[in-house]
file protein27.tsv (TSV, C-alpha atoms and all ligand atoms)
chain	number	residue	atom	x	y	z
K	22	MET	CA	-7.88	10.17	-11.14
K	23	SER	CA	-11.00	11.26	-12.94
K	24	SER	CA	-11.99	13.40	-15.88
K	25	HIS	CA	-9.25	15.97	-15.93
K	26	GLU	CA	-5.66	14.92	-15.69
K	27	PRO	CA	-3.52	17.06	-13.43
K	28	GLU	CA	-1.46	19.27	-15.67
K	29	PRO	CA	2.16	18.40	-15.51
K	30	ALA	CA	4.18	20.29	-18.09
K	31	ALA	CA	3.81	17.10	-20.04
K	32	THR	CA	6.37	17.69	-22.72
K	33	GLY	CA	9.93	18.29	-21.58
K	34	ALA	CA	12.40	15.42	-21.63
K	35	ILE	CA	13.75	14.36	-18.24
K	36	ARG	CA	17.11	12.64	-18.52
K	37	LEU	CA	17.91	9.98	-15.94
K	38	LEU	CA	21.13	10.57	-14.02
K	39	PRO	CA	23.36	8.87	-11.49
K	40	GLY	CA	21.70	9.32	-8.09
K	41	ASP	CA	18.23	8.57	-9.45
K	42	ALA	CA	16.07	5.72	-8.17
K	43	LEU	CA	12.56	4.50	-8.95
K	44	ILE	CA	10.02	3.48	-6.33
K	45	ALA	CA	6.99	1.42	-7.40
K	46	VAL	CA	4.55	1.70	-4.50
K	47	ASP	CA	2.30	-1.26	-3.67
K	48	VAL	CA	1.57	-2.59	-7.17
K	49	GLN	CA	-0.01	-5.66	-5.59
K	50	ASN	CA	-2.83	-7.90	-6.76
K	51	ASP	CA	-5.25	-6.88	-4.00
K	52	PHE	CA	-5.08	-3.28	-5.26
K	53	LEU	CA	-5.79	-4.25	-8.88
K	54	PRO	CA	-9.19	-4.88	-10.49
K	55	GLY	CA	-10.58	-8.08	-8.95
K	56	GLY	CA	-8.53	-7.64	-5.78
K	57	SER	CA	-9.95	-7.23	-2.28
K	58	LEU	CA	-9.18	-3.49	-2.16
K	59	ALA	CA	-9.26	-2.76	-5.88
K	60	VAL	CA	-8.16	0.73	-6.88
K	61	PRO	CA	-10.19	1.97	-9.88
K	62	GLU	CA	-8.05	1.50	-12.99
K	63	GLY	CA	-5.25	0.28	-10.74
K	64	ASP	CA	-3.85	-1.83	-13.57
K	65	ALA	CA	-3.35	1.31	-15.66
K	66	VAL	CA	-0.19	2.07	-13.69
K	67	ILE	CA	1.55	-1.02	-15.04
K	68	PRO	CA	2.44	0.08	-18.61
K	69	ALA	CA	3.71	3.43	-17.32
K	70	LEU	CA	5.79	1.79	-14.60
K	71	ASN	CA	7.13	-0.76	-17.07
K	72	ARG	CA	8.26	2.12	-19.31
K	73	ALA	CA	10.12	3.66	-16.38
K	74	LEU	CA	11.50	0.28	-15.28
K	75	ALA	CA	12.97	-0.34	-18.73
K	76	LEU	CA	14.73	3.03	-18.68
K	77	PHE	CA	16.06	2.56	-15.16
K	78	GLY	CA	17.35	-0.85	-16.20
K	79	ARG	CA	19.05	0.59	-19.27
K	80	CYS	CA	20.78	3.17	-17.06
K	81	ASP	CA	21.66	0.60	-14.39
K	82	LEU	CA	19.83	2.67	-11.77
K	83	PRO	CA	18.27	1.18	-8.63
K	84	VAL	CA	14.64	0.15	-8.40
K	85	PHE	CA	12.57	-0.25	-5.25
K	86	ALA	CA	9.17	-1.92	-4.89
K	87	THR	CA	7.23	-1.37	-1.69
K	88	ARG	CA	4.56	-3.80	-0.60
K	89	ASP	CA	1.81	-3.70	1.97
K	90	TRP	CA	2.58	-6.80	4.02
K	91	HIS	CA	-0.10	-7.24	6.66
K	92	THR	CA	-0.85	-9.86	9.29
K	93	PRO	CA	-4.24	-11.67	8.93
K	94	ASP	CA	-5.55	-9.70	11.94
K	95	HIS	CA	-4.13	-6.34	10.92
K	96	CYS	CA	-5.49	-3.28	12.71
K	97	SER	CA	-6.43	-1.56	9.43
K	98	PHE	CA	-8.98	-4.29	8.64
K	99	LYS	CA	-12.71	-3.83	9.27
K	100	ALA	CA	-12.76	-6.80	11.68
K	101	ARG	CA	-10.65	-4.60	13.95
K	102	ASN	CA	-12.68	-1.46	13.25
K	103	GLY	CA	-10.16	-0.29	10.70
K	104	PRO	CA	-11.13	1.43	7.43
K	105	TRP	CA	-10.30	-1.35	4.98
K	106	PRO	CA	-11.36	-4.82	3.91
K	107	PRO	CA	-8.65	-7.43	4.45
K	108	HIS	CA	-5.88	-6.95	1.90
K	109	CYS	CA	-2.25	-7.78	1.24
K	110	VAL	CA	-1.87	-10.44	3.89
K	111	ALA	CA	1.77	-11.48	3.85
K	112	GLY	CA	2.43	-14.50	1.69
K	113	THR	CA	-0.99	-14.59	0.00
K	114	ALA	CA	-1.58	-14.24	-3.75
K	115	GLY	CA	-3.27	-10.90	-3.10
K	116	ALA	CA	-0.07	-9.55	-1.60
K	117	GLY	CA	1.96	-10.57	-4.63
K	118	PHE	CA	3.25	-8.02	-7.09
K	119	ALA	CA	1.23	-7.69	-10.29
K	120	ALA	CA	2.46	-10.40	-12.64
K	121	ALA	CA	2.67	-7.92	-15.54
K	122	LEU	CA	4.97	-5.55	-13.64
K	123	GLN	CA	8.45	-6.08	-15.03
K	124	LEU	CA	10.53	-5.79	-11.89
K	125	PRO	CA	14.22	-6.59	-12.35
K	126	ALA	CA	15.77	-9.34	-10.24
K	127	SER	CA	17.81	-6.62	-8.51
K	128	THR	CA	14.68	-4.86	-7.18
K	129	HIS	CA	14.93	-3.81	-3.55
K	130	ILE	CA	11.71	-5.07	-1.96
K	131	VAL	CA	10.44	-3.01	0.96
K	132	SER	CA	7.75	-4.59	3.14
K	133	LYS	CA	5.67	-2.28	5.33
K	134	GLY	CA	2.68	-2.39	7.63
K	135	SER	CA	3.79	-5.78	8.88
K	136	SER	CA	3.05	-5.21	12.58
K	137	ALA	CA	-0.49	-6.26	13.52
K	138	ASP	CA	-1.19	-3.22	15.66
K	139	ARG	CA	0.23	-0.41	13.56
K	140	ASP	CA	-0.40	0.62	9.95
K	141	ALA	CA	2.23	2.16	7.69
K	142	TYR	CA	1.26	3.91	4.47
K	143	SER	CA	4.72	5.29	3.73
K	144	GLY	CA	7.48	3.12	2.35
K	145	PHE	CA	9.78	4.90	4.80
K	146	ASP	CA	7.70	3.99	7.86
K	147	GLY	CA	9.43	1.33	9.91
K	148	THR	CA	11.52	0.07	6.97
K	149	GLU	CA	15.11	0.04	5.78
K	150	LEU	CA	14.25	2.22	2.75
K	151	ALA	CA	15.99	5.43	3.91
K	152	GLY	CA	19.15	3.55	4.88
K	153	THR	CA	19.36	1.71	1.60
K	154	LEU	CA	18.78	4.88	-0.44
K	155	ALA	CA	21.53	6.63	1.52
K	156	ALA	CA	23.93	3.71	1.09
K	157	LEU	CA	23.33	3.81	-2.68
K	158	GLY	CA	23.87	7.57	-2.90
K	159	VAL	CA	20.37	8.24	-4.18
K	160	ARG	CA	19.38	11.91	-4.39
K	161	ARG	CA	16.35	11.97	-6.68
K	162	LEU	CA	13.31	9.70	-6.54
K	163	PHE	CA	10.78	8.90	-9.24
K	164	ILE	CA	7.64	7.54	-7.61
K	165	GLY	CA	4.54	5.82	-8.99
K	166	GLY	CA	2.12	3.11	-7.93
K	167	LEU	CA	-0.92	2.68	-5.72
K	168	ALA	CA	-2.73	4.40	-4.30
K	169	THR	CA	-2.25	8.11	-5.04
K	170	ASP	CA	-4.28	9.23	-2.04
K	171	TYR	CA	-2.75	6.85	0.53
K	172	CYS	CA	0.57	5.09	0.17
K	173	VAL	CA	1.91	7.14	-2.75
K	174	GLU	CA	1.18	10.44	-0.99
K	175	ALA	CA	2.66	9.23	2.29
K	176	THR	CA	5.79	7.93	0.58
K	177	VAL	CA	6.24	11.13	-1.44
K	178	SER	CA	5.79	13.28	1.68
K	179	ASP	CA	8.38	11.31	3.63
K	180	ALA	CA	10.78	11.37	0.67
K	181	LEU	CA	10.52	15.17	0.55
K	182	ALA	CA	10.99	15.36	4.33
K	183	HIS	CA	14.16	13.25	3.95
K	184	GLY	CA	15.46	15.83	1.49
K	185	TYR	CA	15.07	13.93	-1.78
K	186	ALA	CA	14.09	15.62	-4.99
K	187	VAL	CA	10.84	13.88	-5.89
K	188	LEU	CA	9.12	13.42	-9.24
K	189	VAL	CA	5.68	11.82	-9.18
K	190	LEU	CA	4.81	9.88	-12.34
K	191	THR	CA	1.20	10.96	-12.77
K	192	ASP	CA	0.43	8.41	-15.47
K	193	ALA	CA	1.77	5.71	-13.13
K	194	VAL	CA	-0.53	6.43	-10.18
K	195	ARG	CA	-4.22	5.81	-9.53
K	196	ALA	CA	-6.36	6.76	-6.55
K	197	VAL	CA	-8.86	4.98	-4.31
K	198	ASP	CA	-10.98	8.15	-4.42
K	199	VAL	CA	-13.11	7.28	-1.38
K	200	ARG	CA	-14.37	10.84	-1.92
K	201	PRO	CA	-14.33	11.92	-5.57
K	202	GLY	CA	-11.26	14.04	-6.24
K	203	ASP	CA	-9.14	12.63	-3.40
K	204	GLY	CA	-6.44	11.59	-5.85
K	205	GLU	CA	-6.24	14.97	-7.56
K	206	ARG	CA	-6.17	16.77	-4.22
K	207	ALA	CA	-3.39	14.45	-3.05
K	208	LEU	CA	-1.35	15.26	-6.18
K	209	GLU	CA	-1.87	18.97	-5.55
K	210	ARG	CA	-0.67	18.59	-1.94
K	211	MET	CA	2.42	16.72	-3.16
K	212	ARG	CA	3.13	19.50	-5.65
K	213	GLN	CA	2.67	22.17	-2.97
K	214	ARG	CA	5.16	20.38	-0.74
K	215	GLY	CA	7.74	20.43	-3.50
K	216	ALA	CA	7.26	17.33	-5.61
K	217	ARG	CA	7.35	17.76	-9.37
K	218	LEU	CA	4.56	16.12	-11.37
K	219	CYS	CA	5.63	14.48	-14.61
K	220	ARG	CA	4.80	11.56	-16.86
K	221	SER	CA	6.70	8.39	-17.62
K	222	THR	CA	6.79	9.37	-21.29
K	223	GLN	CA	9.03	12.31	-20.43
K	224	LEU	CA	11.81	10.08	-19.10
K	225	ARG	CA	14.91	9.48	-21.22
K	226	ALA	CA	17.79	7.10	-20.69
F	301	LIG	C1	-3.02	1.35	0.76
F	301	LIG	C2	-5.07	1.44	1.77
F	301	LIG	C3	-4.69	0.48	2.68
F	301	LIG	C4	-2.11	1.82	-0.34
F	301	LIG	C5	-2.62	0.39	1.65
F	301	LIG	O1	-1.21	1.07	-0.74
F	301	LIG	O2	-2.31	2.98	-0.80
F	301	LIG	N1	-4.24	1.88	0.82
F	301	LIG	N2	-3.47	-0.04	2.61
F	302	ZN	ZN	-2.84	-1.72	3.88
call {"tool": "encode", "arguments": {"input": "protein27.tsv", "output": "structure tokens", "more": "lines below"}}
Ligand code: VGL
Ligand code: ZN
result
Amino acid sequence: MSSHEPEPAATGAIRLLPGDALIAVDVQNDFLPGGSLAVPEGDAVIPALNRALALFGRCDLPVFATRDWHTPDHCSFKARNGPWPPHCVAGTAGAGFAAALQLPASTHIVSKGSSADRDAYSGFDGTELAGTLAALGVRRLFIGGLATDYCVEATVSDALAHGYAVLVLTDAVRAVDVRPGDGERALERMRQRGARLCRSTQLRA
């Protein structure tokens, strides 16, 4: 995100309820400053996500963490004429979750994009995420992470398509912004599709 923040109604308290779950999308070292596909200010999502994680923990609500989990020869890499430098190769340090992200031991880890010949931006794409959410009786999803204009948008869109109420934590997302404004346009598309934009500071246990 750049100069102007998108304008969530940034004040009202949002009380967490049974049926809520949190999804932290791809908060992995390769997407943080110094990583191979660093998202500008990517590390800024961590304090906001930690605030949400603490509240979800206090309420005993489920937490999911998606991770990009690629093969070394993944089709999204430049060596295979894909758009990206190599990143998040399964088992490497770059694919690890940010050390400062305070994920509970009970976190449901969702690996995606793990087939060499097919990419997956959405946490729902080719994973067990939908089944696990259904089994847990989840109805409302709070979503943050990286990157706004790729995996966050894809995950939010699929969540809406699956019928979940979706709140995007705008202080807990950052964009690649290949073209300036991509992140803000992605947030606007999410809002148009029915996601609510809010901030982690609005959440209450
Ligand atoms: C992502 C680019 C390539 C993301 C993953 O997590 O948003 N972006 N792979
Ligand atoms: Zn990827």
call {"tool": "residues_around", "arguments": {"input": "protein27.tsv", "residues": "stretch 62-64 of chain K", "least_positions_apart": "3", "cutoff": "9 Å", "atoms": "only C-alpha atoms", "output": "MDAnalysis selection string"}}
result
chainID K and resid 22 48 52:54 59 67:68 119 166:168 194:197
call {"tool": "closest_atom_pairs", "arguments": {"input": "protein27.tsv", "of": "stretch 82-108 of chain K", "to": "stretch 157-162 of chain K", "cutoff": "10 Å", "atoms": "all atoms listed in the file", "output": "Markdown table"}}
result
| residue | atom | partner | partner_atom | distance |
| --- | --- | --- | --- | --- |
| K:Leu82 | CA | K:Val159 | CA | 9.4 |
| K:Pro83 | CA | K:Leu157 | CA | 8.2 |
| K:Val84 | CA | K:Leu162 | CA | 9.8 |
call {"tool": "atom_distance", "arguments": {"input": "protein27.tsv", "atom1": "atom C4 of ligand LIG 301 (chain F)", "atom2": "atom CA of K:Ala75"}}
result
23.9 Å
call {"tool": "residues_near_ligand", "arguments": {"input": "protein27.tsv", "ligand": "ligand ZN 302 (chain F)", "cutoff": "8 Å", "atoms": "only C-alpha atoms and all ligand atoms", "output": "compact mmCIF listing (two decimals) with C-alpha atoms, keeping the file's coordinate frame"}}
result
# COMPACT_ATOMS: atom_id res chain seq x y z
CA ASP K 89 1.81 -3.70 1.97
CA TRP K 90 2.58 -6.80 4.02
CA HIS K 91 -0.10 -7.24 6.66
CA SER K 97 -6.43 -1.56 9.43
CA TRP K 105 -10.30 -1.35 4.98
CA HIS K 108 -5.88 -6.95 1.90
CA CYS K 109 -2.25 -7.78 1.24
CA GLY K 134 2.68 -2.39 7.63
CA ASP K 140 -0.40 0.62 9.95
CA ALA K 141 2.23 2.16 7.69
CA TYR K 142 1.26 3.91 4.47
call {"tool": "closest_residue", "arguments": {"input": "protein27.tsv", "among": "K:Gly165, K:Val187, K:Arg210, K:Cys96", "to": "K:Ala65", "atoms": "only C-alpha atoms"}}
result
K:Gly165
call {"tool": "atom_distance", "arguments": {"input": "protein27.tsv", "atom1": "atom CA of K:Asp47", "atom2": "atom CA of K:Thr191"}}
result
15.3 Å
call {"tool": "closest_residue", "arguments": {"input": "protein27.tsv", "among": "K:Arg72, K:Leu37, K:Tyr171, K:Ser132", "to": "ligand LIG 301 (chain F)", "atoms": "all atoms listed in the file"}}
result
K:Tyr171
call {"tool": "axis_aligned_box", "arguments": {"input": "protein27.tsv", "around": "ligand LIG 301 (chain F)", "padding_each_side": "6 Å", "output": "JSON"}}
result
{"center_x": -3.1, "center_y": 1.5, "center_z": 0.9, "size_x": 15.9, "size_y": 15.0, "size_z": 15.5}
call {"tool": "residues_around", "arguments": {"input": "protein27.tsv", "residues": "K:Ala120", "least_positions_apart": "2", "cutoff": "12 Å", "atoms": "all atoms listed in the file", "output": "ChimeraX atom specification"}}
result
/K:48-50,53,64,67,71,114-118,122-124
call {"tool": "atom_distance", "arguments": {"input": "protein27.tsv", "atom1": "atom CA of K:His95", "atom2": "atom CA of K:Val131"}}
result
18.0 Å
call {"tool": "residues_around", "arguments": {"input": "protein27.tsv", "residues": "K:Arg212", "least_positions_apart": "2", "cutoff": "12 Å", "atoms": "only C-alpha atoms", "output": "list in words"}}
result
Pro27, Glu28, Pro29, Glu174, Val177, Ser178, Leu181, Ala186, Val187, Leu188, Val189, Leu190, Thr191, Glu205, Arg206, Ala207, Leu208, Glu209, Arg210, Arg214, Gly215, Ala216, Arg217, Leu218 and Cys219 of chain K
call {"tool": "closest_residue", "arguments": {"input": "protein27.tsv", "among": "K:Lys133, K:Arg36, K:Arg101, K:Arg225", "to": "ligand LIG 301 (chain F)", "atoms": "all atoms listed in the file"}}
result
K:Lys133
call {"tool": "closest_residue", "arguments": {"input": "protein27.tsv", "among": "K:Ile35, K:Leu76, K:Ala182, K:Val60", "to": "ligand LIG 301 (chain F)", "atoms": "only C-alpha atoms and all ligand atoms"}}
result
K:Val60
call {"tool": "decode", "arguments": {"input": "protein27.tsv", "residues": "stretch 190-205 of chain K", "atoms": "all heavy atoms", "output": "mmCIF file, in the first residue's frame"}}
result
data_model
loop_
_atom_site.group_PDB
_atom_site.id
_atom_site.type_symbol
_atom_site.label_atom_id
_atom_site.label_comp_id
_atom_site.auth_asym_id
_atom_site.auth_seq_id
_atom_site.Cartn_x
_atom_site.Cartn_y
_atom_site.Cartn_z
ATOM 1 N N LEU K 190 -7.987 -7.649 6.981
ATOM 2 C CA LEU K 190 -7.288 -6.788 7.947
ATOM 3 C C LEU K 190 -6.302 -5.913 7.182
ATOM 4 O O LEU K 190 -5.201 -6.344 6.822
ATOM 5 C CB LEU K 190 -6.576 -7.661 8.979
ATOM 6 C CG LEU K 190 -7.488 -8.585 9.795
ATOM 7 C CD1 LEU K 190 -6.661 -9.583 10.603
ATOM 8 C CD2 LEU K 190 -8.393 -7.759 10.709
ATOM 9 N N THR K 191 -6.705 -4.674 6.913
ATOM 10 C CA THR K 191 -5.917 -3.854 5.982
ATOM 11 C C THR K 191 -4.569 -3.427 6.557
ATOM 12 O O THR K 191 -3.641 -3.133 5.807
ATOM 13 C CB THR K 191 -6.694 -2.590 5.554
ATOM 14 O OG1 THR K 191 -7.014 -1.827 6.720
ATOM 15 C CG2 THR K 191 -7.953 -2.957 4.807
ATOM 16 N N ASP K 192 -4.463 -3.396 7.871
ATOM 17 C CA ASP K 192 -3.142 -3.090 8.455
ATOM 18 C C ASP K 192 -2.255 -4.326 8.502
ATOM 19 O O ASP K 192 -1.077 -4.227 8.840
ATOM 20 C CB ASP K 192 -3.293 -2.462 9.852
ATOM 21 C CG ASP K 192 -4.115 -3.313 10.815
ATOM 22 O OD1 ASP K 192 -4.864 -4.214 10.363
ATOM 23 O OD2 ASP K 192 -4.006 -3.076 12.030
ATOM 24 N N ALA K 193 -2.804 -5.472 8.151
ATOM 25 C CA ALA K 193 -2.068 -6.741 8.193
ATOM 26 C C ALA K 193 -1.831 -7.290 6.793
ATOM 27 O O ALA K 193 -1.593 -8.491 6.632
ATOM 28 C CB ALA K 193 -2.824 -7.758 9.047
ATOM 29 N N VAL K 194 -1.915 -6.436 5.783
ATOM 30 C CA VAL K 194 -1.583 -6.843 4.412
ATOM 31 C C VAL K 194 -0.612 -5.832 3.802
ATOM 32 O O VAL K 194 -0.631 -4.644 4.160
ATOM 33 C CB VAL K 194 -2.839 -6.970 3.505
ATOM 34 C CG1 VAL K 194 -3.779 -8.049 4.026
ATOM 35 C CG2 VAL K 194 -3.561 -5.644 3.352
ATOM 36 N N ARG K 195 0.217 -6.293 2.902
ATOM 37 C CA ARG K 195 1.062 -5.433 2.089
ATOM 38 C C ARG K 195 1.134 -6.021 0.688
ATOM 39 O O ARG K 195 0.989 -7.235 0.525
ATOM 40 C CB ARG K 195 2.480 -5.293 2.659
ATOM 41 C CG ARG K 195 2.567 -4.449 3.931
ATOM 42 C CD ARG K 195 2.186 -2.992 3.692
ATOM 43 N NE ARG K 195 2.383 -2.148 4.868
ATOM 44 C CZ ARG K 195 1.532 -2.038 5.899
ATOM 45 N NH1 ARG K 195 0.400 -2.748 5.907
ATOM 46 N NH2 ARG K 195 1.818 -1.232 6.901
ATOM 47 N N ALA K 196 1.362 -5.136 -0.293
ATOM 48 C CA ALA K 196 1.278 -5.526 -1.701
ATOM 49 C C ALA K 196 2.642 -5.575 -2.368
ATOM 50 O O ALA K 196 3.568 -4.849 -1.989
ATOM 51 C CB ALA K 196 0.399 -4.523 -2.441
ATOM 52 N N VAL K 197 2.753 -6.416 -3.399
ATOM 53 C CA VAL K 197 3.945 -6.399 -4.254
ATOM 54 C C VAL K 197 3.974 -5.088 -5.035
ATOM 55 O O VAL K 197 5.031 -4.472 -5.200
ATOM 56 C CB VAL K 197 3.944 -7.612 -5.221
ATOM 57 C CG1 VAL K 197 5.191 -7.597 -6.099
ATOM 58 C CG2 VAL K 197 3.855 -8.924 -4.450
ATOM 59 N N ASP K 198 2.816 -4.654 -5.525
ATOM 60 C CA ASP K 198 2.723 -3.414 -6.304
ATOM 61 C C ASP K 198 3.664 -3.422 -7.507
ATOM 62 O O ASP K 198 4.449 -2.481 -7.704
ATOM 63 C CB ASP K 198 2.979 -2.170 -5.418
ATOM 64 C CG ASP K 198 1.727 -1.728 -4.651
ATOM 65 O OD1 ASP K 198 0.599 -2.107 -5.046
ATOM 66 O OD2 ASP K 198 1.890 -0.997 -3.647
ATOM 67 N N VAL K 199 3.599 -4.485 -8.321
ATOM 68 C CA VAL K 199 4.367 -4.513 -9.571
ATOM 69 C C VAL K 199 4.057 -3.238 -10.360
ATOM 70 O O VAL K 199 4.951 -2.584 -10.886
ATOM 71 C CB VAL K 199 4.025 -5.774 -10.400
ATOM 72 C CG1 VAL K 199 4.607 -5.688 -11.798
ATOM 73 C CG2 VAL K 199 4.527 -7.035 -9.679
ATOM 74 N N ARG K 200 2.793 -2.885 -10.449
ATOM 75 C CA ARG K 200 2.373 -1.564 -10.937
ATOM 76 C C ARG K 200 1.889 -0.784 -9.718
ATOM 77 O O ARG K 200 1.125 -1.328 -8.890
ATOM 78 C CB ARG K 200 1.223 -1.690 -11.944
ATOM 79 C CG ARG K 200 1.612 -2.377 -13.255
ATOM 80 C CD ARG K 200 0.372 -2.860 -13.996
ATOM 81 N NE ARG K 200 -0.352 -3.831 -13.190
ATOM 82 C CZ ARG K 200 -0.190 -5.159 -13.292
ATOM 83 N NH1 ARG K 200 0.637 -5.682 -14.172
ATOM 84 N NH2 ARG K 200 -0.862 -5.980 -12.499
ATOM 85 N N PRO K 201 2.333 0.478 -9.578
ATOM 86 C CA PRO K 201 1.896 1.237 -8.403
ATOM 87 C C PRO K 201 0.372 1.235 -8.282
ATOM 88 O O PRO K 201 -0.325 1.400 -9.276
ATOM 89 C CB PRO K 201 2.423 2.658 -8.690
ATOM 90 C CG PRO K 201 3.575 2.461 -9.619
ATOM 91 C CD PRO K 201 3.221 1.251 -10.455
ATOM 92 N N GLY K 202 -0.116 0.990 -7.082
ATOM 93 C CA GLY K 202 -1.561 0.989 -6.864
ATOM 94 C C GLY K 202 -2.205 -0.376 -6.978
ATOM 95 O O GLY K 202 -3.402 -0.515 -6.710
ATOM 96 N N ASP K 203 -1.441 -1.397 -7.357
ATOM 97 C CA ASP K 203 -2.031 -2.737 -7.479
ATOM 98 C C ASP K 203 -2.692 -3.183 -6.181
ATOM 99 O O ASP K 203 -3.780 -3.775 -6.202
ATOM 100 C CB ASP K 203 -0.957 -3.771 -7.849
ATOM 101 C CG ASP K 203 -0.641 -3.807 -9.340
ATOM 102 O OD1 ASP K 203 -1.323 -3.112 -10.121
ATOM 103 O OD2 ASP K 203 0.299 -4.537 -9.714
ATOM 104 N N GLY K 204 -2.029 -2.904 -5.058
ATOM 105 C CA GLY K 204 -2.571 -3.353 -3.770
ATOM 106 C C GLY K 204 -3.886 -2.670 -3.449
ATOM 107 O O GLY K 204 -4.848 -3.310 -3.007
ATOM 108 N N GLU K 205 -3.931 -1.358 -3.679
ATOM 109 C CA GLU K 205 -5.171 -0.626 -3.381
ATOM 110 C C GLU K 205 -6.292 -1.047 -4.314
ATOM 111 O O GLU K 205 -7.449 -1.166 -3.894
ATOM 112 C CB GLU K 205 -4.915 0.879 -3.486
ATOM 113 C CG GLU K 205 -3.928 1.327 -2.406
ATOM 114 C CD GLU K 205 -4.070 2.790 -2.061
ATOM 115 O OE1 GLU K 205 -5.198 3.314 -2.138
ATOM 116 O OE2 GLU K 205 -3.048 3.398 -1.712
#
